[in-house]
Every structure is written in structure tokens, then in C-alpha cells.
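Have a look at final-v9.txt below; it lists compact mmCIF, C-alpha atoms and all ligand atoms.
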```txt
# COMPACT_ATOMS: atom_id res chain seq x y z
CA MET A 1 -1.78 0.64 39.66
CA GLN A 2 -2.28 3.50 37.25
CA ILE A 3 -5.16 3.91 34.82
CA MET A 4 -4.19 4.77 31.24
CA ASP A 5 -6.78 7.45 30.62
CA GLY A 6 -7.59 7.43 26.91
CA LYS A 7 -9.95 10.36 27.24
CA GLU A 8 -7.27 12.57 28.75
CA VAL A 9 -4.59 11.52 26.25
CA ALA A 10 -7.01 11.96 23.34
CA ALA A 11 -7.89 15.47 24.54
CA SER A 12 -4.23 16.42 24.69
CA LEU A 13 -3.51 15.03 21.21
CA ARG A 14 -6.63 16.70 19.82
CA LYS A 15 -5.27 20.07 20.95
CA GLN A 16 -1.92 19.29 19.36
CA ILE A 17 -3.54 18.36 16.03
CA ALA A 18 -5.75 21.47 16.16
CA SER A 19 -2.69 23.69 16.52
CA GLU A 20 -0.97 21.93 13.60
CA VAL A 21 -4.06 22.49 11.45
CA GLU A 22 -4.08 26.14 12.46
CA ALA A 23 -0.46 26.48 11.35
CA LEU A 24 -1.21 24.70 8.07
CA VAL A 25 -4.09 27.06 7.32
CA ALA A 26 -2.08 30.12 8.45
CA ALA A 27 0.53 29.09 5.86
CA GLY A 28 -2.12 29.40 3.12
CA ASN A 29 -3.25 25.76 2.79
CA ARG A 30 -6.83 24.62 2.92
CA PRO A 31 -7.74 22.47 5.96
CA PRO A 32 -7.52 18.69 5.54
CA HIS A 33 -10.79 17.14 4.39
CA LEU A 34 -12.04 13.74 5.62
CA ALA A 35 -15.04 12.04 4.03
CA ALA A 36 -16.94 9.11 5.56
CA VAL A 37 -19.28 6.77 3.74
CA LEU A 38 -22.02 5.20 5.83
CA VAL A 39 -24.17 2.50 4.25
CA GLY A 40 -27.39 1.45 5.96
CA ASN A 41 -28.78 2.03 9.45
CA ASP A 42 -26.43 0.26 11.86
CA GLY A 43 -26.85 2.13 15.16
CA ALA A 44 -23.27 1.77 16.41
CA SER A 45 -21.87 2.85 13.02
CA GLN A 46 -24.03 5.96 13.03
CA THR A 47 -22.72 6.83 16.49
CA TYR A 48 -19.08 6.23 15.49
CA VAL A 49 -19.38 8.32 12.33
CA GLY A 50 -21.05 11.07 14.38
CA HIS A 51 -18.05 11.07 16.78
CA LYS A 52 -15.61 11.23 13.87
CA GLU A 53 -17.48 14.15 12.33
CA LYS A 54 -17.50 16.01 15.66
CA CYS A 55 -13.78 15.44 16.16
CA CYS A 56 -13.04 16.76 12.65
CA GLY A 57 -14.80 20.00 13.64
CA GLU A 58 -12.79 20.20 16.87
CA VAL A 59 -9.42 19.96 15.14
CA GLY A 60 -10.39 22.24 12.26
CA PHE A 61 -10.80 19.68 9.47
CA ARG A 62 -13.48 19.77 6.85
CA SER A 63 -15.68 16.69 6.97
CA THR A 64 -18.33 15.23 4.72
CA VAL A 65 -20.57 12.27 5.48
CA LEU A 66 -22.13 10.38 2.62
CA ARG A 67 -25.16 8.43 3.84
CA LEU A 68 -26.31 5.66 1.50
CA PRO A 69 -29.35 3.41 1.95
CA GLU A 70 -29.09 -0.20 3.15
CA GLU A 71 -30.12 -1.42 -0.34
CA THR A 72 -27.16 0.28 -2.05
CA THR A 73 -25.60 -2.20 -4.45
CA GLU A 74 -21.93 -3.12 -4.34
CA GLU A 75 -21.56 -1.62 -7.81
CA ALA A 76 -23.06 1.71 -6.69
CA LEU A 77 -20.80 1.82 -3.63
CA LEU A 78 -17.73 1.07 -5.76
CA ALA A 79 -18.77 3.92 -8.06
CA GLU A 80 -18.92 6.30 -5.07
CA ILE A 81 -15.47 5.13 -4.01
CA ALA A 82 -14.11 5.79 -7.50
CA ARG A 83 -15.60 9.28 -7.31
CA LEU A 84 -13.98 9.95 -3.92
CA ASN A 85 -10.66 8.55 -5.18
CA ALA A 86 -10.74 11.15 -7.95
CA ASP A 87 -12.06 14.07 -5.87
CA LEU A 88 -9.13 16.46 -5.41
CA ASP A 89 -11.00 18.19 -2.61
CA VAL A 90 -10.98 15.07 -0.41
CA ASP A 91 -7.67 14.16 1.24
CA GLY A 92 -8.80 10.92 2.84
CA PHE A 93 -11.95 8.88 3.33
CA ILE A 94 -13.30 5.87 5.16
CA VAL A 95 -16.10 3.45 4.44
CA GLN A 96 -17.59 2.63 7.83
CA LEU A 97 -17.72 -1.12 8.57
CA PRO A 98 -19.62 -3.39 8.90
CA LEU A 99 -21.30 -3.17 5.50
CA PRO A 100 -24.62 -4.83 4.58
CA LYS A 101 -24.12 -8.55 3.88
CA HIS A 102 -24.59 -8.27 0.11
CA ILE A 103 -21.45 -6.09 -0.20
CA SER A 104 -17.93 -7.53 -0.08
CA GLU A 105 -15.90 -5.60 2.51
CA GLN A 106 -12.65 -6.84 1.01
CA LYS A 107 -13.59 -5.57 -2.46
CA VAL A 108 -14.50 -2.22 -0.98
CA ILE A 109 -11.25 -1.92 1.00
CA GLU A 110 -9.20 -2.76 -2.08
CA ALA A 111 -11.12 -0.23 -4.20
CA ILE A 112 -9.98 2.68 -2.01
CA ASP A 113 -6.93 4.50 -3.34
CA PRO A 114 -4.16 3.66 -0.81
CA ARG A 115 -3.20 7.36 -0.84
CA LYS A 116 -6.63 8.18 0.63
CA ASP A 117 -7.01 5.09 2.83
CA VAL A 118 -6.85 6.86 6.20
CA ASP A 119 -8.21 3.72 7.93
CA GLY A 120 -4.99 1.97 6.88
CA PHE A 121 -6.94 -1.13 5.84
CA HIS A 122 -5.73 -1.40 2.20
CA PRO A 123 -3.17 -4.19 1.66
CA VAL A 124 -0.74 -1.60 0.26
CA ASN A 125 -0.79 0.26 3.56
CA THR A 126 -0.61 -2.98 5.54
CA GLY A 127 2.38 -4.07 3.44
CA ARG A 128 4.10 -0.71 3.88
CA MET A 129 3.51 -0.86 7.62
CA ILE A 130 4.96 -4.36 7.90
CA SER A 131 7.97 -3.25 5.85
CA GLY A 132 8.53 -0.33 8.22
CA LEU A 133 7.77 2.21 5.46
CA PRO A 134 5.70 5.37 6.02
CA ALA A 135 2.04 4.29 5.96
CA TYR A 136 -1.36 5.10 7.38
CA LEU A 137 -1.43 2.96 10.52
CA PRO A 138 -4.72 1.32 11.48
CA ALA A 139 -6.47 3.27 14.24
CA THR A 140 -6.55 0.83 17.14
CA PRO A 141 -2.90 -0.28 16.97
CA ASP A 142 -1.79 3.33 16.57
CA GLY A 143 -3.98 4.36 19.52
CA ILE A 144 -2.37 1.66 21.68
CA LEU A 145 1.13 2.84 20.71
CA GLU A 146 0.19 6.44 21.56
CA LEU A 147 -1.08 5.37 24.98
CA LEU A 148 2.06 3.35 25.74
CA GLY A 149 4.16 6.33 24.62
CA TYR A 150 2.20 8.88 26.65
CA TYR A 151 2.66 6.87 29.84
CA LYS A 152 6.36 6.27 28.96
CA ILE A 153 5.95 2.51 29.21
CA GLU A 154 9.20 0.73 28.44
CA THR A 155 8.71 -1.73 25.57
CA ALA A 156 12.29 -2.65 24.56
CA GLY A 157 13.08 -6.23 25.44
CA LYS A 158 9.69 -6.74 27.08
CA HIS A 159 7.54 -9.76 26.36
CA CYS A 160 4.28 -8.59 24.83
CA VAL A 161 1.44 -11.10 24.58
CA VAL A 162 -1.31 -10.20 22.13
CA ILE A 163 -4.57 -12.17 22.37
CA GLY A 164 -6.49 -12.15 19.07
CA ARG A 165 -5.22 -12.21 15.48
CA SER A 166 -7.66 -9.89 13.67
CA ASN A 167 -6.49 -7.95 10.62
CA ILE A 168 -7.32 -4.63 12.22
CA VAL A 169 -5.92 -5.08 15.75
CA GLY A 170 -4.06 -8.25 16.79
CA ARG A 171 -1.84 -8.85 13.81
CA PRO A 172 -0.84 -5.23 13.17
CA ILE A 173 -0.11 -4.41 16.83
CA ALA A 174 1.92 -7.62 17.18
CA ASN A 175 3.93 -6.65 14.12
CA LEU A 176 4.45 -3.00 15.11
CA LEU A 177 5.61 -3.83 18.64
CA SER A 178 8.18 -6.24 17.21
CA GLN A 179 9.67 -3.49 15.00
CA LYS A 180 12.71 -1.36 15.78
CA GLY A 181 11.84 1.45 18.14
CA TRP A 182 9.46 -0.68 20.21
CA ASP A 183 11.64 -3.80 20.27
CA CYS A 184 9.25 -6.13 22.06
CA THR A 185 9.43 -9.89 21.96
CA VAL A 186 5.91 -10.67 20.81
CA THR A 187 3.69 -13.71 21.19
CA LEU A 188 0.45 -13.69 19.21
CA CYS A 189 -2.19 -15.94 20.78
CA HIS A 190 -5.47 -17.05 19.20
CA SER A 191 -8.30 -19.53 19.60
CA ARG A 192 -6.03 -22.53 18.91
CA THR A 193 -3.25 -21.49 21.31
CA LYS A 194 -2.39 -24.21 23.82
CA ASN A 195 -1.96 -23.31 27.50
CA LEU A 196 -3.22 -19.80 26.83
CA ALA A 197 -3.35 -18.77 30.50
CA GLU A 198 0.26 -19.82 30.99
CA VAL A 199 1.40 -17.94 27.89
CA VAL A 200 -0.46 -14.78 28.92
CA ARG A 201 1.09 -15.03 32.41
CA GLY A 202 4.47 -14.62 30.73
CA GLY A 203 3.49 -11.21 29.36
CA ASP A 204 5.04 -8.00 30.66
CA ILE A 205 2.53 -6.28 28.37
CA VAL A 206 -0.78 -7.99 27.59
CA ILE A 207 -3.03 -6.75 24.80
CA ALA A 208 -6.49 -8.31 24.91
CA ALA A 209 -8.17 -8.06 21.52
CA LEU A 210 -10.19 -11.23 21.09
CA GLY A 211 -13.69 -9.80 21.49
CA LYS A 212 -14.85 -11.98 24.40
CA ALA A 213 -16.21 -10.06 27.36
CA GLU A 214 -14.17 -10.42 30.58
CA PHE A 215 -12.09 -13.29 29.18
CA VAL A 216 -8.83 -12.25 30.85
CA THR A 217 -8.91 -13.03 34.56
CA ALA A 218 -6.49 -12.18 37.38
CA ASP A 219 -4.87 -15.64 37.38
CA MET A 220 -3.64 -15.01 33.80
CA ILE A 221 -1.75 -11.84 34.70
CA LYS A 222 1.79 -11.53 36.00
CA PRO A 223 2.00 -9.06 38.92
CA GLY A 224 3.10 -5.65 37.62
CA ALA A 225 2.07 -6.30 34.01
CA VAL A 226 0.74 -3.58 31.70
CA VAL A 227 -2.73 -4.53 30.44
CA VAL A 228 -4.37 -2.98 27.37
CA ASP A 229 -8.02 -3.90 26.85
CA VAL A 230 -9.32 -3.52 23.30
CA GLY A 231 -12.64 -5.32 23.85
CA ILE A 232 -15.98 -3.59 23.52
CA THR A 233 -18.89 -5.97 23.98
CA ARG A 234 -22.33 -4.43 24.49
CA VAL A 235 -24.36 -6.19 27.17
CA PRO A 236 -27.82 -5.37 28.53
CA SER A 237 -27.83 -3.42 31.77
CA ASP A 238 -30.65 -2.21 33.99
CA ARG A 239 -28.32 0.37 35.57
CA THR A 240 -27.89 2.63 32.53
CA LYS A 241 -30.32 4.93 30.77
CA SER A 242 -29.52 3.40 27.40
CA GLY A 243 -30.30 -0.12 28.66
CA TRP A 244 -26.84 -1.46 27.83
CA LYS A 245 -23.23 -1.08 28.91
CA LEU A 246 -19.80 -1.88 27.48
CA LEU A 247 -17.57 -4.67 28.74
CA GLY A 248 -13.91 -5.12 27.88
CA ASP A 249 -12.05 -8.37 27.23
CA VAL A 250 -10.50 -8.04 30.71
CA LYS A 251 -12.22 -8.65 34.04
CA PHE A 252 -11.21 -5.19 35.20
CA ASP A 253 -12.08 -5.34 38.89
CA GLU A 254 -9.93 -8.37 39.63
CA VAL A 255 -7.13 -7.70 37.10
CA ALA A 256 -6.53 -3.98 37.84
CA PRO A 257 -5.07 -4.45 41.35
CA LYS A 258 -2.36 -6.75 39.90
CA CYS A 259 -1.26 -4.37 37.13
CA SER A 260 1.21 -1.52 36.93
CA TYR A 261 -0.94 0.10 34.21
CA ILE A 262 -4.32 -0.78 32.75
CA THR A 263 -6.78 0.74 30.28
CA PRO A 264 -10.44 0.98 31.33
CA VAL A 265 -13.44 0.19 29.11
CA PRO A 266 -14.88 2.57 28.15
CA GLY A 267 -12.38 5.45 28.18
CA GLY A 268 -9.17 3.57 27.38
CA VAL A 269 -8.26 2.56 23.83
CA GLY A 270 -11.63 3.67 22.37
CA PRO A 271 -11.14 7.45 22.48
CA MET A 272 -7.64 7.04 21.00
CA THR A 273 -8.84 5.45 17.78
CA ILE A 274 -10.52 8.62 16.50
CA ILE A 275 -7.31 10.54 17.19
CA SER A 276 -5.41 8.09 14.99
CA LEU A 277 -7.90 8.75 12.18
CA MET A 278 -7.29 12.49 12.65
CA LYS A 279 -3.50 11.92 12.56
CA ASN A 280 -3.85 9.98 9.30
CA THR A 281 -6.06 12.67 7.79
CA LEU A 282 -3.49 15.31 8.71
CA LYS A 283 -0.79 13.15 7.10
CA ALA A 284 -2.99 12.84 3.99
CA GLY A 285 -3.57 16.60 3.87
CA ARG A 286 0.16 17.23 4.06
CA GLY A 287 1.00 14.42 1.64
CA GLU A 288 3.34 12.90 4.22
CA VAL A 289 2.99 9.26 3.21
CA TYR A 290 2.72 9.37 -0.58
CA GLY A 291 3.76 12.93 -1.42
CA LYS A 292 1.49 15.70 -2.61
N1 LIG B 301 -15.99 0.00 12.18
C1 LIG B 301 -15.49 -0.12 13.44
N2 LIG B 301 -14.28 0.47 13.52
C2 LIG B 301 -14.01 0.96 12.30
C3 LIG B 301 -12.90 1.69 11.76
O1 LIG B 301 -11.91 1.98 12.43
N3 LIG B 301 -13.02 2.04 10.46
C4 LIG B 301 -14.08 1.73 9.70
N4 LIG B 301 -14.09 2.10 8.43
N5 LIG B 301 -15.11 1.04 10.16
C5 LIG B 301 -15.08 0.68 11.46
```
Represent the structure from my file as C-alpha cells, please.
Ligand code: GUN
Amino acid sequence: MQIMDGKEVAASLRKQIASEVEALVAAGNRPPHLAAVLVGNDGASQTYVGHKEKCCGEVGFRSTVLRLPEETTEEALLAEIARLNADLDVDGFIVQLPLPKHISEQKVIEAIDPRKDVDGFHPVNTGRMISGLPAYLPATPDGILELLGYYKIETAGKHCVVIGRSNIVGRPIANLLSQKGWDCTVTLCHSRTKNLAEVVRGGDIVIAALGKAEFVTADMIKPGAVVVDVGITRVPSDRTKSGWKLLGDVKFDEVAPKCSYITPVPGGVGPMTIISLMKNTLKAGRGEVYGK
């Protein structure tokens, strides 16, 4: 069994992006500029945005964080988005989710100019992705593909079972892996799937993205399978300083010995997602998806 080490792969890709930014700047261009909008005081969101900001610094991007109070109205947020859409100095931006309950996330996503939607959440980018056109790919699916590529995991003709049909992970990764180049046969499972354990046991590659801690057990895994764990559930712990720890969707200790490759939680898919955001911001800076 080999661990797919997201931290190590992310570090290697970060270096690669940093050298591409250096070359871009050496050629007389300004560095790519990512903006992030953070509404309210959600602790996890503040941490994530902090990590994104730090990573921007490490690869040589400019970054701006716009912090808005919890009481910000939907109208005021949409006005900020319109301003960022028009700001020629900003190549791409994200609005960190979740948003306060009084703001429609869908409205916000659709208000972002697809050319600046480096999260890849806008339906135009989703549609382009599904059509196999150049697009900003959503971070988690792209991070999974990078990991599979780094470890040279054969995907062509393999049966990939995805558990979870979310807009940001399950459905896009299922679609991407079915496309030319990856050539998987894909089964997308969800809460209404019958005989789930049996279906998952048929998977050469299993992607667990349902958001239920330690749901995938050893009896569901075919010996030698590749297991990618997207889950991150925070649970209380008296063994950590913070008072909580992260659990994946896979019962790691019993599943790992059966696998050929597996991602840990934390340190698997998680660190890769920021790299995907950096890749998209570099694409935005170069005008690779929509032109300059
Ligand atoms: N919240 C959790 N993950 C993400 C992400 O990838 N993008 C945004 N905008 N919000 C998030």
C-alpha cells in the first residue's frame, strides 16, 4: 500500500507554479492577482482564506482579501462582485462559501464573471468542462486528477466508483474521469443507491465524497483498489491541542491495508485544492481559458 501524499505533491506543484510566475514577470507581465471575498466570521472559512492568501505569496501572486461583515446584504455583496468583475487589476476572484443564510449562494455564483471564476463554480465553466472545452476546473476534482497523475495511476478502462453527487466534487469528478484522456467507466453512487457496498466493491478506483465520517469500511473495498478520500468531518478530540480532529469518509486504518494507493485525511486531497486555485489563477492571468 502506498500513501498518496497531497502535501508532497502540492509542494512540488507550488514550486512549478512559482517558476512559471517568475518567467511571466521576467517577460514584463505583472503577477497574477487573486482576490477573495469573505463574508462573516465562520472560523473554518477564515482559516481557508488565510491558507489561500499564504499560498499566493509563495507562488508570487498578488492577493487581496475583502472582509465583509456578517450583516452584509445580498445586494451589497452583488455590488462588490460587480466591482471585482470590472476591476482590470484583478485576474480572478472567489467568494468563500458558505455564505450567511440570508444570501443566495447560487445568485452569487452566477453573478461572478465566468472569465474570473477561478473556483470554476459558474454554470458557464461547468458547461464548458462537461463539453471538454478549456475551463476553470473546480478545485477538488482537479486536485484528485493531479494526485492520480502524479502517482501514475492507470485510469483507462478502469471502473471508478464515486460516492456522493455534490455539484463541487462528485458530479464533476465523475464526469471528468469519464472523458477522453482518463477513459474510466464511472458509476456515481448517492444516498438512494441500492446495494451500495456491492457497487463500491466493484471499483478499481473509489472516490469517497459523501461527507459522512468513516462511512467506507474494508468490506466495501476490492483488494488492490485505489481509494481517494475527500471527506473532512471535524470531530471533538481530547488528544489534540485544538480540541478537534479531522476524519475522512473512509475508515483509514482498516481500509488502507487492502489498497494499492490511498489518500490520508488530513494531508491527501486537501492540500491539492489550493494548488488547483493557484493553477486557475495562473490561467486567468495568462488569459488561457477566455483569451486576454
Ligand atoms: N468553501 C469550501 N471550499 C471552498 C472553495 O473551494 N471555494 C469557495 N469559494 N468556498 C469554499
Item checked: Site check for ligand LIG 301 (chain B): residues at most 10 Å away, only C-alpha atoms and all ligand atoms, as a ChimeraX atom specification -> /A:36-38,44-45,48-49,93-99,105,109,117-121,138-140,168-169,270,273-274,276-277
Checklist line | Using all atoms listed in the file: which of A:Val21, A:Met4, A:Leu84, A:Leu137 has the shortest distance to Asp229 in chain A | finding: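 Answer, going by the shortest atom-to-atom distance: A:Met4.
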Checklist line | Shell of 8 Å around Ile207 in chain A, all atoms listed in the file, local chain residues under 5 positions omitted, as a ChimeraX atom specification | finding: /A:160-163,227-230
Checklist line | Atom pair CA of Ala35 in chain A / CA of Pro271 in chain A: separation (Å) | finding: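 Spanning CA of Ala35 in chain A to CA of Pro271 in chain A is a straight-line distance of 19.4 Å.
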Next item on the list: Select, from A:Ala174, A:Asp249, A:Ala27, A:Lys101, the residue with the minimum atom-to-atom distance to Ile144 in chain A, counting only C-alpha atoms.
Entry: A:Ala174
If we count only C-alpha atoms and set the cut-off at 12 Å, which residues sit around Ala135 in chain A, ignoring sequence neighbours fewer than 2 positions away in its own chain? Please answer as a PDB file with C-alpha atoms, in the coordinates of the input.
```pdb
ATOM      1  CA  PRO A 114      -4.160   3.660  -0.810  1.00  0.00           C
ATOM      2  CA  ARG A 115      -3.200   7.360  -0.840  1.00  0.00           C
ATOM      3  CA  LYS A 116      -6.630   8.180   0.630  1.00  0.00           C
ATOM      4  CA  ASP A 117      -7.010   5.090   2.830  1.00  0.00           C
ATOM      5  CA  VAL A 118      -6.850   6.860   6.200  1.00  0.00           C
ATOM      6  CA  ASP A 119      -8.210   3.720   7.930  1.00  0.00           C
ATOM      7  CA  GLY A 120      -4.990   1.970   6.880  1.00  0.00           C
ATOM      8  CA  PHE A 121      -6.940  -1.130   5.840  1.00  0.00           C
ATOM      9  CA  HIS A 122      -5.730  -1.400   2.200  1.00  0.00           C
ATOM     10  CA  PRO A 123      -3.170  -4.190   1.660  1.00  0.00           C
ATOM     11  CA  VAL A 124      -0.740  -1.600   0.260  1.00  0.00           C
ATOM     12  CA  ASN A 125      -0.790   0.260   3.560  1.00  0.00           C
ATOM     13  CA  THR A 126      -0.610  -2.980   5.540  1.00  0.00           C
ATOM     14  CA  GLY A 127       2.380  -4.070   3.440  1.00  0.00           C
ATOM     15  CA  ARG A 128       4.100  -0.710   3.880  1.00  0.00           C
ATOM     16  CA  MET A 129       3.510  -0.860   7.620  1.00  0.00           C
ATOM     17  CA  ILE A 130       4.960  -4.360   7.900  1.00  0.00           C
ATOM     18  CA  SER A 131       7.970  -3.250   5.850  1.00  0.00           C
ATOM     19  CA  GLY A 132       8.530  -0.330   8.220  1.00  0.00           C
ATOM     20  CA  LEU A 133       7.770   2.210   5.460  1.00  0.00           C
ATOM     21  CA  LEU A 137      -1.430   2.960  10.520  1.00  0.00           C
ATOM     22  CA  PRO A 138      -4.720   1.320  11.480  1.00  0.00           C
ATOM     23  CA  ALA A 139      -6.470   3.270  14.240  1.00  0.00           C
ATOM     24  CA  ASP A 142      -1.790   3.330  16.570  1.00  0.00           C
ATOM     25  CA  LEU A 176       4.450  -3.000  15.110  1.00  0.00           C
ATOM     26  CA  LYS A 279      -3.500  11.920  12.560  1.00  0.00           C
ATOM     27  CA  ASN A 280      -3.850   9.980   9.300  1.00  0.00           C
ATOM     28  CA  THR A 281      -6.060  12.670   7.790  1.00  0.00           C
ATOM     29  CA  LYS A 283      -0.790  13.150   7.100  1.00  0.00           C
ATOM     30  CA  ALA A 284      -2.990  12.840   3.990  1.00  0.00           C
ATOM     31  CA  GLY A 287       1.000  14.420   1.640  1.00  0.00           C
ATOM     32  CA  GLU A 288       3.340  12.900   4.220  1.00  0.00           C
ATOM     33  CA  VAL A 289       2.990   9.260   3.210  1.00  0.00           C
ATOM     34  CA  TYR A 290       2.720   9.370  -0.580  1.00  0.00           C
ATOM     35  CA  GLY A 291       3.760  12.930  -1.420  1.00  0.00           C
TER      36      GLY A 291
END
```
Check: Which of these residues is nearest to Ile103 in chain A, using all atoms listed in the file: A:His33, A:Glu214, A:Leu145, A:Glu75?
Finding: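 The answer is A:Glu75, which sits nearest to Ile103 in chain A.
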Next item on the list: Could you tell me how far CA of Glu254 in chain A lies from CA of Gly149 in chain A, in Å and to one decimal?
Entry: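 Straight-line distance from CA of Glu254 in chain A to CA of Gly149 in chain A works out to 25.3 Å.
In this structure, CA of Ala256 in chain A sits 16.9 Å away from CA of Gly202 in chain A.
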Margin query: Can you tell me which residues surround Ile81 in chain A at a distance of at most 7 Å, considering all atoms listed in the file, apart from same-chain residues fewer than 3 positions away, and format the answer as a PyMOL selection string?
Written below: chain A and resi 77-78+84-85+111-112
Notebook entry, point to check: Which is closer to Ile17 in chain A than all the others in A:Val255, A:Leu246, A:Val59, A:Leu196, using all atoms listed in the file?
Noted result: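 Counting all atoms listed in the file, the residue closest to Ile17 in chain A is A:Val59.
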Next item on the list: Quick one: everything within 10 Å of Ala197 in chain A, counting all atoms listed in the file, minus sequence neighbours fewer than 3 positions away in the same chain. Send it as a ChimeraX atom specification.
Entry: /A:193-194,200-202,216-217,219-221
Note to self: Distance cut-off 12 Å, centre (-17.5, 13.5, 14.1) in file coordinates, counting all atoms listed in the file: which residues qualify? Return them as a ChimeraX atom specification.
What the structure shows: /A:34-36,45-65,274-275,277-278
Check: Out of A:Ala208, A:Pro223, A:Glu20, A:Asn195, which residue has the shortest atom-to-atom distance to Ile173 in chain A when counting all atoms listed in the file?
Finding: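 Once distances to Ile173 in chain A are computed over all atoms listed in the file, the minimum belongs to A:Ala208.
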